[in-house]
>>> print(open('structure-v1.txt').read())   # compact mmCIF, C-alpha atoms
# COMPACT_ATOMS: atom_id res chain seq x y z
CA MET Y 1 -21.41 -48.78 -17.63
CA ASN Y 2 -23.79 -47.25 -15.11
CA ASP Y 3 -27.06 -45.80 -16.41
CA ARG Y 4 -27.06 -42.98 -13.87
CA GLU Y 5 -28.03 -39.58 -15.26
CA ILE Y 6 -25.21 -37.13 -15.99
CA VAL Y 7 -25.78 -33.38 -15.68
CA PHE Y 8 -23.58 -31.24 -17.93
CA VAL Y 9 -23.26 -27.53 -17.06
CA CYS Y 10 -21.74 -25.10 -19.58
CA ASP Y 11 -21.99 -21.42 -20.46
CA LEU Y 12 -22.77 -22.41 -24.06
CA TYR Y 13 -23.16 -25.54 -26.13
CA GLU Y 14 -22.23 -25.98 -29.78
CA GLU Y 15 -25.82 -25.28 -30.77
CA GLN Y 16 -25.20 -21.68 -29.64
CA TYR Y 17 -21.48 -21.25 -30.34
CA ILE Y 18 -18.95 -23.40 -32.18
CA GLY Y 19 -15.76 -23.02 -30.17
CA GLY Y 20 -13.10 -25.49 -29.12
CA ALA Y 21 -14.56 -26.04 -25.66
CA GLU Y 22 -18.05 -26.51 -27.03
CA LEU Y 23 -16.87 -29.01 -29.64
CA THR Y 24 -15.00 -31.05 -27.05
CA THR Y 25 -18.03 -31.07 -24.76
CA GLY Y 26 -20.23 -32.08 -27.69
CA ALA Y 27 -17.88 -34.92 -28.65
CA LEU Y 28 -17.91 -36.24 -25.07
CA ILE Y 29 -21.69 -36.11 -24.83
CA GLU Y 30 -22.13 -37.84 -28.20
CA TYR Y 31 -19.68 -40.63 -27.31
CA ASN Y 32 -21.73 -41.66 -24.27
CA LYS Y 33 -24.36 -44.12 -25.46
CA THR Y 34 -25.36 -45.47 -22.03
CA ASN Y 35 -25.92 -42.70 -19.51
CA LYS Y 36 -28.81 -40.27 -19.70
CA ILE Y 37 -27.51 -36.73 -20.32
CA LEU Y 38 -29.12 -33.54 -19.03
CA LYS Y 39 -27.65 -30.34 -20.53
CA LEU Y 40 -28.03 -27.17 -18.46
CA HIS Y 41 -26.69 -23.64 -18.94
CA SER Y 42 -24.53 -22.27 -16.14
CA SER Y 43 -26.58 -19.07 -15.91
CA ALA Y 44 -29.68 -21.12 -15.06
CA ILE Y 45 -28.21 -23.04 -12.11
CA THR Y 46 -29.75 -22.15 -8.76
CA THR Y 47 -29.56 -23.73 -5.32
CA ASN Y 48 -32.83 -25.50 -6.12
CA THR Y 49 -31.37 -26.89 -9.36
CA VAL Y 50 -28.51 -28.42 -7.41
CA ARG Y 51 -30.76 -29.70 -4.64
CA ASN Y 52 -33.20 -31.30 -7.10
CA ASN Y 53 -30.37 -33.08 -8.95
CA LYS Y 54 -27.95 -33.74 -6.10
CA ASN Y 55 -28.05 -37.52 -6.60
CA LYS Y 56 -26.83 -37.21 -10.19
CA LYS Y 57 -23.28 -36.90 -11.46
CA TRP Y 58 -22.36 -33.35 -12.56
CA ILE Y 59 -19.83 -32.40 -15.25
CA ILE Y 60 -18.91 -28.70 -15.13
CA GLY Y 61 -17.51 -27.22 -18.34
CA ASN Y 62 -17.02 -23.49 -18.94
CA PHE Y 63 -18.77 -21.78 -16.04
CA ALA Y 64 -18.18 -18.02 -16.28
CA ASN Y 65 -21.93 -17.52 -15.78
CA LEU Y 66 -22.18 -19.80 -12.75
CA SER Y 67 -23.01 -17.77 -9.64
CA ASN Y 68 -20.96 -17.96 -6.45
CA THR Y 69 -24.08 -19.17 -4.67
CA ALA Y 70 -24.46 -22.06 -7.13
CA ILE Y 71 -20.77 -22.94 -6.82
CA ARG Y 72 -21.04 -23.09 -3.03
CA ARG Y 73 -24.11 -25.33 -3.30
CA LEU Y 74 -22.34 -27.67 -5.71
CA ILE Y 75 -19.37 -27.89 -3.36
CA LYS Y 76 -21.68 -28.76 -0.48
CA GLU Y 77 -24.11 -31.19 -2.11
CA ALA Y 78 -23.01 -32.49 -5.52
CA ASN Y 79 -20.75 -35.18 -6.91
CA TYR Y 80 -19.08 -33.17 -9.68
CA SER Y 81 -16.07 -33.17 -11.98
CA ILE Y 82 -14.66 -30.17 -13.85
CA LEU Y 83 -13.60 -29.83 -17.48
CA GLU Y 84 -11.25 -26.83 -17.41
CA TYR Y 85 -10.68 -25.32 -20.83
CA ASP Y 86 -8.86 -22.10 -19.90
CA TYR Y 87 -8.06 -20.24 -16.64
CA LYS Y 88 -11.17 -19.47 -14.59
CA PHE Y 89 -9.19 -17.96 -11.71
CA CYS Y 90 -8.23 -15.03 -13.98
CA ILE Y 91 -10.80 -12.33 -14.80
CA HIS Y 92 -9.59 -12.45 -18.43
CA ARG Y 93 -9.43 -16.26 -18.32
CA ASN Y 94 -5.85 -15.96 -19.55
CA PRO Y 95 -2.96 -14.82 -17.28
CA SER Y 96 -0.71 -13.71 -20.18
CA LEU Y 97 -3.39 -11.50 -21.71
CA HIS Y 98 -4.17 -10.06 -18.29
CA SER Y 99 -0.48 -9.27 -17.79
CA LEU Y 100 -0.29 -7.61 -21.20
CA LYS Y 101 -3.22 -5.37 -20.31
CA SER Y 102 -2.41 -4.64 -16.66
CA GLY Y 103 1.25 -5.44 -16.15
CA CYS Y 104 0.55 -8.50 -14.01
CA CYS Y 105 -2.11 -11.06 -13.16
CA ASP Y 106 -2.84 -11.10 -9.44
CA CYS Y 107 -6.26 -12.73 -9.79
CA SER Y 108 -5.33 -15.72 -7.64
CA GLU Y 109 -5.80 -13.47 -4.58
CA SER Y 110 -9.35 -12.41 -5.49
CA GLU Y 111 -12.40 -13.73 -3.65
CA ARG Y 112 -13.70 -15.39 -6.83
CA ALA Y 113 -10.37 -17.16 -7.34
CA LYS Y 114 -10.38 -18.40 -3.74
CA LEU Y 115 -13.85 -19.84 -4.28
CA ILE Y 116 -12.73 -21.43 -7.56
CA ASN Y 117 -9.74 -22.88 -5.72
CA LEU Y 118 -12.10 -24.61 -3.29
CA PHE Y 119 -14.40 -25.62 -6.16
CA PHE Y 120 -11.52 -27.36 -7.93
CA TYR Y 121 -10.12 -28.85 -4.73
CA LYS Y 122 -13.45 -30.47 -3.82
CA ALA Y 123 -14.11 -31.85 -7.31
CA ALA Y 124 -14.01 -35.61 -7.84
CA HIS Y 125 -11.81 -34.93 -10.89
CA VAL Y 126 -10.37 -31.91 -12.66
CA PHE Y 127 -9.67 -32.52 -16.35
CA TYR Y 128 -7.16 -30.15 -17.95
CA MET Y 129 -6.36 -29.50 -21.60
CA SER Y 130 -2.57 -29.65 -21.29
CA VAL Y 131 0.24 -30.38 -18.86
CA LYS Y 132 1.33 -26.74 -18.95
CA GLN Y 133 -2.18 -25.59 -18.06
CA LYS Y 134 -2.31 -28.02 -15.13
CA ASN Y 135 1.06 -26.76 -13.90
CA ILE Y 136 -0.05 -23.11 -14.09
CA TYR Y 137 -3.05 -23.98 -11.95
CA ALA Y 138 -0.83 -25.73 -9.44
CA SER Y 139 1.44 -22.68 -9.22
CA ASN Y 140 -1.41 -20.17 -8.82
CA LEU Y 141 -3.92 -21.96 -6.59
CA LYS Y 142 -3.32 -23.95 -3.42
CA LYS Y 143 -3.61 -27.72 -3.12
CA LEU Y 144 -4.13 -28.27 -6.86
CA GLU Y 145 -1.14 -30.45 -7.66
CA GLY Y 146 -3.38 -33.25 -8.96
CA GLY Y 147 -5.64 -33.36 -11.97
CA ILE Y 148 -5.99 -35.34 -15.19
CA VAL Y 149 -4.71 -34.11 -18.55
CA LEU Y 150 -7.42 -34.94 -21.07
CA GLY Y 151 -6.86 -32.44 -23.89
CA SER Y 152 -9.24 -31.64 -26.72
CA VAL Y 153 -11.66 -34.37 -27.79
CA PHE Y 154 -12.73 -35.05 -31.38
CA ARG Y 155 -15.68 -37.01 -32.72
CA GLU Y 156 -14.79 -40.33 -34.33
CA GLN Y 157 -16.33 -39.27 -37.64
CA THR Y 158 -14.07 -36.20 -37.71
CA LEU Y 159 -10.99 -38.37 -37.22
CA ASP Y 160 -12.23 -40.80 -39.87
CA LEU Y 161 -12.74 -37.91 -42.30
CA ILE Y 162 -9.21 -36.64 -41.72
CA ASP Y 163 -7.84 -40.14 -42.30
CA SER Y 164 -9.68 -40.29 -45.62
CA LEU Y 165 -8.44 -36.97 -47.02
CA PRO Y 166 -5.66 -36.98 -49.65
CA LYS Y 167 -2.54 -35.27 -48.38
CA ASP Y 168 -1.25 -33.75 -51.64
CA LYS Y 169 0.72 -30.77 -50.34
CA ASN Y 170 1.37 -27.39 -51.95
CA ASN Y 171 3.79 -24.72 -50.65
CA LYS Y 172 1.20 -22.58 -48.84
CA TRP Y 173 1.44 -21.69 -45.16
CA LEU Y 174 -2.00 -21.15 -43.66
CA ILE Y 175 -2.85 -18.39 -41.18
CA TYR Y 176 -6.18 -18.22 -39.40
CA ASP Y 177 -7.65 -14.76 -39.99
CA THR Y 178 -9.41 -13.56 -36.85
CA GLU Y 179 -9.78 -10.39 -34.82
CA ASN Y 180 -9.41 -12.39 -31.61
CA TYR Y 181 -6.19 -10.98 -30.18
CA LEU Y 182 -5.43 -14.22 -28.38
CA LYS Y 183 -5.01 -16.09 -31.68
CA GLY Y 184 -2.21 -13.81 -32.93
CA THR Y 185 -3.06 -13.37 -36.62
CA LYS Y 186 -0.76 -10.34 -36.92
CA ASN Y 187 2.10 -12.28 -35.33
CA ALA Y 188 1.70 -15.02 -37.93
CA VAL Y 189 1.52 -12.62 -40.89
CA ASP Y 190 4.58 -10.72 -39.66
CA TYR Y 191 6.47 -14.01 -39.32
CA ALA Y 192 5.53 -15.10 -42.84
CA LEU Y 193 6.58 -11.75 -44.33
CA SER Y 194 9.85 -11.67 -42.40
CA ASN Y 195 10.77 -15.18 -43.52
CA GLY Y 196 9.57 -14.95 -47.12
CA LEU Y 197 6.92 -17.63 -46.73
CA ASP Y 198 4.08 -18.03 -49.21
CA TYR Y 199 1.05 -17.69 -46.95
CA GLN Y 200 -2.73 -17.77 -47.24
CA LEU Y 201 -5.21 -16.24 -44.81
CA PHE Y 202 -8.44 -18.14 -44.26
CA LYS Y 203 -11.64 -17.62 -42.28
CA ASN Y 204 -15.37 -18.39 -42.31
CA LEU Y 205 -14.89 -21.83 -43.82
CA SER Y 206 -16.99 -24.84 -42.88
CA HIS Y 207 -15.20 -27.43 -40.79
CA GLU Y 208 -14.91 -29.84 -43.71
CA LYS Y 209 -13.49 -27.14 -45.99
CA THR Y 210 -10.98 -26.18 -43.30
CA LEU Y 211 -9.81 -29.77 -43.02
CA LEU Y 212 -9.54 -30.09 -46.80
CA LEU Y 213 -7.49 -26.89 -46.95
CA LEU Y 214 -5.17 -28.17 -44.22
CA SER Y 215 -4.73 -31.48 -46.03
CA LYS Y 216 -3.53 -29.64 -49.15
CA SER Y 217 -1.25 -27.10 -47.45
CA LYS Y 218 2.37 -27.24 -46.42
CA GLY Y 219 1.87 -25.89 -42.94
CA LEU Y 220 0.18 -23.70 -40.36
CA ILE Y 221 1.58 -20.60 -38.67
CA PHE Y 222 -0.07 -20.08 -35.31
CA LEU Y 223 1.56 -17.67 -32.84
CA PRO Y 224 -0.97 -16.74 -30.13
CA ASN Y 225 -0.48 -13.86 -27.72
CA GLY Y 226 -1.71 -15.73 -24.66
CA GLU Y 227 -1.91 -19.26 -23.34
CA ASP Y 228 -3.89 -21.47 -25.72
CA THR Y 229 -4.32 -24.65 -23.76
CA CYS Y 230 -4.97 -27.18 -26.55
CA PRO Y 231 -6.08 -25.44 -29.79
CA ARG Y 232 -8.02 -27.71 -32.11
CA LEU Y 233 -6.73 -26.00 -35.26
CA VAL Y 234 -3.15 -26.94 -34.39
CA ILE Y 235 -4.20 -30.53 -33.68
CA GLU Y 236 -6.08 -30.67 -37.00
CA ALA Y 237 -3.02 -29.33 -38.80
CA LYS Y 238 -0.87 -32.08 -37.30
CA LEU Y 239 -3.46 -34.72 -38.16
CA CYS Y 240 -3.48 -33.42 -41.76
CA GLY Y 241 0.30 -33.78 -42.02
CA CYS Y 242 1.08 -30.05 -41.86
CA GLU Y 243 4.25 -28.54 -40.50
CA VAL Y 244 3.43 -26.20 -37.61
CA ILE Y 245 5.21 -22.98 -36.71
CA SER Y 246 4.12 -21.98 -33.23
CA ASN Y 247 5.34 -20.60 -29.92
CA GLU Y 248 5.33 -21.65 -26.27
CA LYS Y 249 1.80 -20.30 -25.84
CA VAL Y 250 0.47 -23.36 -27.70
CA GLN Y 251 0.56 -25.40 -24.56
CA HIS Y 252 0.02 -28.98 -25.73
CA LEU Y 253 2.78 -29.09 -28.38
CA SER Y 254 5.50 -30.03 -25.88
CA GLU Y 255 3.66 -33.26 -25.04
CA GLU Y 256 4.97 -36.50 -26.51
CA TRP Y 257 1.80 -37.43 -28.42
CA ALA Y 258 1.80 -34.16 -30.40
CA GLY Y 259 4.98 -34.86 -32.36
CA ASN Y 260 3.55 -36.11 -35.66
CA ALA Y 261 0.34 -37.09 -37.45
CA THR Y 262 0.51 -40.76 -36.46
CA SER Y 263 1.04 -40.24 -32.73
CA THR Y 264 -1.51 -37.44 -32.68
CA MET Y 265 -4.17 -39.61 -34.34
CA GLN Y 266 -3.47 -42.51 -31.98
CA HIS Y 267 -3.81 -40.19 -29.00
CA MET Y 268 -6.96 -38.45 -30.20
CA ARG Y 269 -8.78 -41.75 -30.71
CA THR Y 270 -8.39 -42.54 -26.98
CA ARG Y 271 -9.65 -39.29 -25.44
CA ALA Y 272 -13.41 -39.78 -25.18
CA LYS Y 273 -13.10 -43.34 -23.87
CA HIS Y 274 -10.46 -42.23 -21.36
CA PHE Y 275 -12.79 -39.55 -20.01
CA TRP Y 276 -15.82 -41.81 -19.65
CA ASP Y 277 -13.83 -44.68 -18.14
CA ILE Y 278 -12.79 -42.31 -15.35
CA ILE Y 279 -16.25 -40.81 -14.87
CA ASN Y 280 -18.06 -44.14 -14.81
CA GLU Y 281 -15.70 -45.46 -12.16
CA SER Y 282 -16.94 -42.66 -9.88
CA LEU Y 283 -20.67 -43.36 -10.34
>>> encode(input="structure-v1.txt", output="structure tokens")
Amino acid sequence: MNDREIVFVCDLYEEQYIGGAELTTGALIEYNKTNKILKLHSSAITTNTVRNNKNKKWIIGNFANLSNTAIRRLIKEANYSILEYDYKFCIHRNPSLHSLKSGCCDCSESERAKLINLFFYKAAHVFYMSVKQKNIYASNLKKLEGGIVLGSVFREQTLDLIDSLPKDKNNKWLIYDTENYLKGTKNAVDYALSNGLDYQLFKNLSHEKTLLLLSKSKGLIFLPNGEDTCPRLVIEAKLCGCEVISNEKVQHLSEEWAGNATSTMQHMRTRAKHFWDIINESL
């Protein structure tokens, strides 16, 4: 491995917010034991920041707070790769939710989307969370037929913990209780009631308690209202041997690796290495 410094740029890191994107970014950073890592917030990136670090490798995660000026400077001067967790070309970062609110999503014609199109096109790599997400990008922005499907990334100790949990199942169907409209809590409750399923709402649990609950439960009902590119909760449910009731908005479930606990675990244990093998080849 090369010992060149890597600059990560994200809106937030898991120290500020524990979301799926932040956990994947954290897992990738932790896996790398060789390269020096510099973590910067997207809102703090200026033309001088890029100029002063132009000889380093840049990894761009969520970048809603990255200015157009900074994006143009990165395109011009930096060796960068992009970790795309959602849909940055859309002002709502989700075409389905935008369509629900406005009747359609025409964001791909906006000036910001055109700049993002160039940003992605000039990247050394674009890593997507699912095949469906990659295809939606290709159909909305020009010249973006390529890209690498990485998916969510888990820490090794998380996967080891899941492997160690007993899988003594009850008859409960779990539903994540959240006010985030994207996640579709009402959809899941309505489904459970309509089909006479014994369900349990859960929220505000630690990660370990969530995994323990999944390991004891029959299944998970997760019916989001918009594209969810590679939701960690669904992956965790599969890893814990749960049945999953979902819809087409859960974009990774149509992929071969997501069929059962065994194939999912095998796949998840390759993700961080796969990412860094590709990045280090470009250093």
>>> closest_atom_pairs(input="structure-v1.txt", of="range 204-263 of chain Y", to="range 127-135 of chain Y", cutoff="6 Å", atoms="all atoms listed in the file", output="JSON lines")
{"residue": "Y:Thr229", "atom": "CA", "partner": "Y:Met129", "partner_atom": "CA", "distance": 5.7}
{"residue": "Y:Cys230", "atom": "CA", "partner": "Y:Met129", "partner_atom": "CA", "distance": 5.6}
{"residue": "Y:Gln251", "atom": "CA", "partner": "Y:Lys132", "partner_atom": "CA", "distance": 5.8}
{"residue": "Y:His252", "atom": "CA", "partner": "Y:Ser130", "partner_atom": "CA", "distance": 5.2}
>>> residues_around(input="structure-v1.txt", residues="Met265 in chain Y", least_positions_apart="5", cutoff="12 Å", atoms="all atoms listed in the file", output="list in words")
Val153, Phe154, Arg155, Glu156, Thr158, Leu159, Asp160, Leu161, Ile162, Asp163, Ile235, Glu236, Ala237, Lys238, Leu239, Cys240, Gly241, Trp257, Ala258, Gly259, Asn260, Thr270 and Arg271 of chain Y
>>> residues_around(input="structure-v1.txt", residues="range 82-91 of chain Y", least_positions_apart="5", cutoff="6 Å", atoms="all atoms listed in the file", output="JSON list (two decimals) with C-alpha atoms, keeping the file's coordinate frame")
[["chain", "number", "residue", "atom", "x", "y", "z"],
["Y", 59, "ILE", "CA", -19.83, -32.40, -15.25],
["Y", 60, "ILE", "CA", -18.91, -28.70, -15.13],
["Y", 61, "GLY", "CA", -17.51, -27.22, -18.34],
["Y", 107, "CYS", "CA", -6.26, -12.73, -9.79],
["Y", 113, "ALA", "CA", -10.37, -17.16, -7.34],
["Y", 126, "VAL", "CA", -10.37, -31.91, -12.66],
["Y", 127, "PHE", "CA", -9.67, -32.52, -16.35],
["Y", 128, "TYR", "CA", -7.16, -30.15, -17.95]]
>>> residues_around(input="structure-v1.txt", residues="Ile116 in chain Y", least_positions_apart="3", cutoff="12 Å", atoms="all atoms listed in the file", output="PyMOL selection string")
chain Y and resi 63-64+66-72+74-75+82+84+87-91+107-113+119-123+126+137+140-144
>>> write_last_selection(input="structure-v1.txt", atoms="C-alpha atoms", output="short mmCIF file (atom, residue, chain, number, x, y, z; two decimals), in the frame of the given file")
data_model
loop_
_atom_site.label_atom_id
_atom_site.label_comp_id
_atom_site.auth_asym_id
_atom_site.auth_seq_id
_atom_site.Cartn_x
_atom_site.Cartn_y
_atom_site.Cartn_z
CA PHE Y 63 -18.77 -21.78 -16.04
CA ALA Y 64 -18.18 -18.02 -16.28
CA LEU Y 66 -22.18 -19.80 -12.75
CA SER Y 67 -23.01 -17.77 -9.64
CA ASN Y 68 -20.96 -17.96 -6.45
CA THR Y 69 -24.08 -19.17 -4.67
CA ALA Y 70 -24.46 -22.06 -7.13
CA ILE Y 71 -20.77 -22.94 -6.82
CA ARG Y 72 -21.04 -23.09 -3.03
CA LEU Y 74 -22.34 -27.67 -5.71
CA ILE Y 75 -19.37 -27.89 -3.36
CA ILE Y 82 -14.66 -30.17 -13.85
CA GLU Y 84 -11.25 -26.83 -17.41
CA TYR Y 87 -8.06 -20.24 -16.64
CA LYS Y 88 -11.17 -19.47 -14.59
CA PHE Y 89 -9.19 -17.96 -11.71
CA CYS Y 90 -8.23 -15.03 -13.98
CA ILE Y 91 -10.80 -12.33 -14.80
CA CYS Y 107 -6.26 -12.73 -9.79
CA SER Y 108 -5.33 -15.72 -7.64
CA GLU Y 109 -5.80 -13.47 -4.58
CA SER Y 110 -9.35 -12.41 -5.49
CA GLU Y 111 -12.40 -13.73 -3.65
CA ARG Y 112 -13.70 -15.39 -6.83
CA ALA Y 113 -10.37 -17.16 -7.34
CA PHE Y 119 -14.40 -25.62 -6.16
CA PHE Y 120 -11.52 -27.36 -7.93
CA TYR Y 121 -10.12 -28.85 -4.73
CA LYS Y 122 -13.45 -30.47 -3.82
CA ALA Y 123 -14.11 -31.85 -7.31
CA VAL Y 126 -10.37 -31.91 -12.66
CA TYR Y 137 -3.05 -23.98 -11.95
CA ASN Y 140 -1.41 -20.17 -8.82
CA LEU Y 141 -3.92 -21.96 -6.59
CA LYS Y 142 -3.32 -23.95 -3.42
CA LYS Y 143 -3.61 -27.72 -3.12
CA LEU Y 144 -4.13 -28.27 -6.86
#
>>> atom_distance(input="structure-v1.txt", atom1="CA of Asn225 in chain Y", atom2="CA of Ala261 in chain Y")
25.2 Å
>>> residues_around(input="structure-v1.txt", residues="Asn53 in chain Y", least_positions_apart="2", cutoff="10 Å", atoms="only C-alpha atoms", output="PyMOL selection string")
chain Y and resi 5-7+48-51+55-58+77-78
>>> atom_distance(input="structure-v1.txt", atom1="CA of Cys242 in chain Y", atom2="CA of Leu197 in chain Y")
14.6 Å
>>> atom_distance(input="structure-v1.txt", atom1="CA of Pro95 in chain Y", atom2="CA of Asn247 in chain Y")
16.2 Å
>>> closest_residue(input="structure-v1.txt", among="Y:Thr24, Y:Ser96, Y:Thr185, Y:Ser254", to="Leu201 in chain Y", atoms="only C-alpha atoms")
Y:Thr185
>>> closest_residue(input="structure-v1.txt", among="Y:Phe8, Y:Ser81, Y:Thr262, Y:His92", to="Leu283 in chain Y", atoms="only C-alpha atoms")
Y:Ser81
>>> closest_residue(input="structure-v1.txt", among="Y:Ser246, Y:Thr264, Y:Asn94, Y:Asn35", to="Tyr181 in chain Y", atoms="all atoms listed in the file")
Y:Asn94
>>> closest_residue(input="structure-v1.txt", among="Y:Ile148, Y:Gln157, Y:Ile221, Y:Lys209", to="Tyr191 in chain Y", atoms="only C-alpha atoms")
Y:Ile221
>>> residues_near_point(input="structure-v1.txt", point="(-7.3, -20.7, -30.2)", cutoff="6 Å", atoms="only C-alpha atoms", output="PyMOL selection string")
chain Y and resi 183+228+231
